[in-house]
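Q: Quick one: this structure, given as structure tokens, is what I'll be asking you about.
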Amino acid sequence: NAGVTQTPKFRILKIGQSMTLQCAQDMNHNYMYWYRQDPGMGLKLIYYSVGAGITDKGEVPNGYNVSRSTTEDFPLRLELAAPSQTSVYFCASSPRAGGGTNTGELFFGEGSRLTVL
Amino acid sequence: AQSVTQPDIHITVSEGASLELRCNYSYGATPYLFWYVQSPGQGLQLLLKYFSGDTLVQGIKGFEAEFKRSQSSFNLRKPSVHWSDAAEYFCAVGASGSARQLTFGSGTQLTVLP
């Protein structure tokens with residue numbers, strides 16, 4: 001019953017460094033998402049994927065990249081980290097509903113807290 | 001564009017008291033509506049959802065919500081709050097068939113006094 005697993009849970013980066021946040025789900029969900037959560041701002045969608053090999057931009061994609069080579073994994077890459085990327089990052093997945101639609105029920109990981117100094 | 005407003009940033013109630021968290025949305029068609037709860041240091045968990053049909057929906061942990069189309073609202077209620085309900089609550093609106101169109105409100109932090 002692992003669900004959605006994110007690593008690392010905490011990370012401190014220096015400006016200009018790069019890193020990858022890992023996300024894996026074992027529920028065979030088609031849809032996967034990356035959100036960032038900033039205080040008082042709710043969650044903002046960074047990137048999402050509707051299946052292996054298919055990704056698309058969300059609301060705030062600048063400074064990030066993703067890939068989806070398998071159904072299970074959806075890593076988020078930060079290139080040239082900036083202080084504005086200090087945030088808590090959540091990975092989520094969602095099953096496909098009947099008719100190929102999205103049920104809208106997201107299953108979240110526990111989050112990765114990133115600080116860029 | 002769709003949007004969600006949670007007017008109350010922080011609410012404090014006493015244990016055993018009733019609770020209502022407000023959510024107003026803007027959406028061009030019949031929305032899919034959700035309430036999620038986030039405990040400290042955790043990810044979000046679905047409390048309940050409305051897709052269609054009965055406008056009063058029941059969720060987990062004794063929560064319910066009522067969809068009122070005329071008021072564009074989807075308020076969350078609980079008759080008697082428990083100390084373990086202290087958390088942050090997020091309302092979200094989405095569209096069927098679109099993975100990217102789930103928009104979250106900014107959240108309401110609930111504090112429960114003993």
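In the structure tokens, chains take letters A, B, ... by order of appearance, with residues numbered from 1 within each chain and ligands from 1 in the order shown.
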Using only C-alpha atoms, select each residue of chain B with any atom at most 6 Å away from an atom of chain A, and give the selection as a list of chain:residue names.

A: B:Gln42, B:Gly43, B:Leu44, B:Gly97, B:Phe104, B:Gly105, B:Ser106, B:Gly107

Q: Save the residues we just selected, all heavy atoms, as a PDB file, in the first residue's frame?

A:
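So out.pdb came out as:
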ATOM      1  N   GLN B  42       1.624  16.430   5.598  1.00  0.00           N
ATOM      2  CA  GLN B  42       1.076  15.362   4.758  1.00  0.00           C
ATOM      3  C   GLN B  42       0.601  15.907   3.413  1.00  0.00           C
ATOM      4  O   GLN B  42       0.469  17.115   3.226  1.00  0.00           O
ATOM      5  CB  GLN B  42      -0.110  14.694   5.465  1.00  0.00           C
ATOM      6  CG  GLN B  42       0.220  14.094   6.814  1.00  0.00           C
ATOM      7  CD  GLN B  42       1.191  12.937   6.695  1.00  0.00           C
ATOM      8  OE1 GLN B  42       1.016  12.051   5.855  1.00  0.00           O
ATOM      9  NE2 GLN B  42       2.228  12.929   7.518  1.00  0.00           N
ATOM     10  N   GLY B  43       0.334  14.978   2.506  1.00  0.00           N
ATOM     11  CA  GLY B  43      -0.301  15.358   1.257  1.00  0.00           C
ATOM     12  C   GLY B  43      -1.792  15.543   1.466  1.00  0.00           C
ATOM     13  O   GLY B  43      -2.315  15.364   2.559  1.00  0.00           O
ATOM     14  N   LEU B  44      -2.489  15.911   0.404  1.00  0.00           N
ATOM     15  CA  LEU B  44      -3.920  16.134   0.490  1.00  0.00           C
ATOM     16  C   LEU B  44      -4.680  14.823   0.353  1.00  0.00           C
ATOM     17  O   LEU B  44      -4.256  13.914  -0.371  1.00  0.00           O
ATOM     18  CB  LEU B  44      -4.369  17.093  -0.619  1.00  0.00           C
ATOM     19  CG  LEU B  44      -4.114  18.578  -0.399  1.00  0.00           C
ATOM     20  CD1 LEU B  44      -2.637  18.911  -0.504  1.00  0.00           C
ATOM     21  CD2 LEU B  44      -4.929  19.396  -1.395  1.00  0.00           C
ATOM     22  N   GLY B  97     -12.854  15.020 -17.919  1.00  0.00           N
ATOM     23  CA  GLY B  97     -12.111  14.794 -19.155  1.00  0.00           C
ATOM     24  C   GLY B  97     -10.905  15.672 -19.342  1.00  0.00           C
ATOM     25  O   GLY B  97     -10.194  15.547 -20.331  1.00  0.00           O
ATOM     26  N   PHE B 104      -7.499  24.717  -7.494  1.00  0.00           N
ATOM     27  CA  PHE B 104      -7.647  24.687  -6.045  1.00  0.00           C
ATOM     28  C   PHE B 104      -7.836  26.090  -5.486  1.00  0.00           C
ATOM     29  O   PHE B 104      -7.274  27.064  -5.994  1.00  0.00           O
ATOM     30  CB  PHE B 104      -6.405  24.072  -5.398  1.00  0.00           C
ATOM     31  CG  PHE B 104      -6.306  22.586  -5.541  1.00  0.00           C
ATOM     32  CD1 PHE B 104      -5.775  22.018  -6.685  1.00  0.00           C
ATOM     33  CD2 PHE B 104      -6.753  21.742  -4.538  1.00  0.00           C
ATOM     34  CE1 PHE B 104      -5.687  20.642  -6.824  1.00  0.00           C
ATOM     35  CE2 PHE B 104      -6.668  20.364  -4.665  1.00  0.00           C
ATOM     36  CZ  PHE B 104      -6.138  19.810  -5.815  1.00  0.00           C
ATOM     37  N   GLY B 105      -8.623  26.166  -4.403  1.00  0.00           N
ATOM     38  CA  GLY B 105      -8.679  27.400  -3.638  1.00  0.00           C
ATOM     39  C   GLY B 105      -7.423  27.547  -2.797  1.00  0.00           C
ATOM     40  O   GLY B 105      -6.570  26.655  -2.764  1.00  0.00           O
ATOM     41  N   SER B 106      -7.328  28.661  -2.108  1.00  0.00           N
ATOM     42  CA  SER B 106      -6.121  28.961  -1.335  1.00  0.00           C
ATOM     43  C   SER B 106      -6.124  28.308   0.040  1.00  0.00           C
ATOM     44  O   SER B 106      -5.134  28.386   0.761  1.00  0.00           O
ATOM     45  CB  SER B 106      -5.940  30.465  -1.204  1.00  0.00           C
ATOM     46  OG  SER B 106      -7.103  31.044  -0.644  1.00  0.00           O
ATOM     47  N   GLY B 107      -7.228  27.666   0.403  1.00  0.00           N
ATOM     48  CA  GLY B 107      -7.250  26.895   1.641  1.00  0.00           C
ATOM     49  C   GLY B 107      -7.807  27.651   2.838  1.00  0.00           C
ATOM     50  O   GLY B 107      -7.747  28.879   2.900  1.00  0.00           O
TER      51      GLY B 107
END

Q: For Pro114 of chain B, list every protein, DNA or RNA residue within 8 Å, evaluated using only C-alpha atoms, and leave out those in the same chain fewer than 2 positions away; present the list as a PDB file with N, CA and C atoms, in the first residue's frame.

A:
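Saved the output as out_10.pdb:
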ATOM      1  N   SER B  14     -14.549  25.452  18.750  1.00  0.00           N
ATOM      2  CA  SER B  14     -14.357  24.599  19.914  1.00  0.00           C
ATOM      3  C   SER B  14     -14.740  23.163  19.572  1.00  0.00           C
ATOM      4  N   GLU B  15     -14.076  22.228  20.208  1.00  0.00           N
ATOM      5  CA  GLU B  15     -14.406  20.830  19.986  1.00  0.00           C
ATOM      6  C   GLU B  15     -15.867  20.606  20.346  1.00  0.00           C
ATOM      7  N   TRP B  83     -11.091  17.136  17.754  1.00  0.00           N
ATOM      8  CA  TRP B  83      -9.760  17.759  17.762  1.00  0.00           C
ATOM      9  C   TRP B  83      -8.925  17.291  16.566  1.00  0.00           C
ATOM     10  N   VAL B 112      -8.914  23.765  16.217  1.00  0.00           N
ATOM     11  CA  VAL B 112      -9.947  23.243  17.112  1.00  0.00           C
ATOM     12  C   VAL B 112      -9.489  23.429  18.560  1.00  0.00           C
TER      13      VAL B 112
END

Q: Please build the interface table for segment 48-84 of chain B against segment 26-29 of chain B with a cut-off of 12 Å, listing for each qualifying residue the nearest atom pair and the distance in Å to one decimal; count only C-alpha atoms, order rows by chain and increasing number, and write it as a Markdown table.

A:
| residue | atom | partner | partner_atom | distance |
| --- | --- | --- | --- | --- |
| B:Phe51 | CA | B:Ala29 | CA | 11.9 |
| B:Arg69 | CA | B:Ala29 | CA | 10.4 |
| B:Ser70 | CA | B:Ser26 | CA | 11.6 |
| B:Gln71 | CA | B:Ser26 | CA | 10.3 |
| B:Ser72 | CA | B:Ser26 | CA | 6.9 |
| B:Ser73 | CA | B:Ser26 | CA | 9.1 |
| B:Phe74 | CA | B:Ser26 | CA | 11.2 |

Q: Now that the selection is made, can you save its residues with N, CA, C and O atoms as a PDB file, in the first residue's frame?

A:
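The result, written out as out_36.pdb:
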ATOM      1  N   PHE B  51     -20.288  15.311  -8.503  1.00  0.00           N
ATOM      2  CA  PHE B  51     -20.257  15.251  -9.961  1.00  0.00           C
ATOM      3  C   PHE B  51     -21.620  15.615 -10.532  1.00  0.00           C
ATOM      4  O   PHE B  51     -21.723  16.383 -11.475  1.00  0.00           O
ATOM      5  N   ARG B  69     -26.207  25.706  -6.879  1.00  0.00           N
ATOM      6  CA  ARG B  69     -25.894  26.299  -8.179  1.00  0.00           C
ATOM      7  C   ARG B  69     -26.218  27.790  -8.188  1.00  0.00           C
ATOM      8  O   ARG B  69     -25.449  28.594  -8.707  1.00  0.00           O
ATOM      9  N   SER B  70     -27.330  28.165  -7.571  1.00  0.00           N
ATOM     10  CA  SER B  70     -27.765  29.573  -7.602  1.00  0.00           C
ATOM     11  C   SER B  70     -26.784  30.494  -6.884  1.00  0.00           C
ATOM     12  O   SER B  70     -26.691  31.679  -7.187  1.00  0.00           O
ATOM     13  N   GLN B  71     -26.059  29.938  -5.929  1.00  0.00           N
ATOM     14  CA  GLN B  71     -25.094  30.731  -5.164  1.00  0.00           C
ATOM     15  C   GLN B  71     -23.652  30.428  -5.561  1.00  0.00           C
ATOM     16  O   GLN B  71     -22.723  30.984  -4.979  1.00  0.00           O
ATOM     17  N   SER B  72     -23.458  29.523  -6.537  1.00  0.00           N
ATOM     18  CA  SER B  72     -22.112  29.100  -6.942  1.00  0.00           C
ATOM     19  C   SER B  72     -21.274  28.723  -5.725  1.00  0.00           C
ATOM     20  O   SER B  72     -20.132  29.154  -5.576  1.00  0.00           O
ATOM     21  N   SER B  73     -21.887  27.917  -4.852  1.00  0.00           N
ATOM     22  CA  SER B  73     -21.194  27.568  -3.615  1.00  0.00           C
ATOM     23  C   SER B  73     -21.169  26.064  -3.402  1.00  0.00           C
ATOM     24  O   SER B  73     -22.010  25.324  -3.938  1.00  0.00           O
ATOM     25  N   PHE B  74     -20.208  25.642  -2.624  1.00  0.00           N
ATOM     26  CA  PHE B  74     -20.054  24.224  -2.267  1.00  0.00           C
ATOM     27  C   PHE B  74     -19.451  24.205  -0.871  1.00  0.00           C
ATOM     28  O   PHE B  74     -18.297  23.871  -0.664  1.00  0.00           O
TER      29      PHE B  74
END
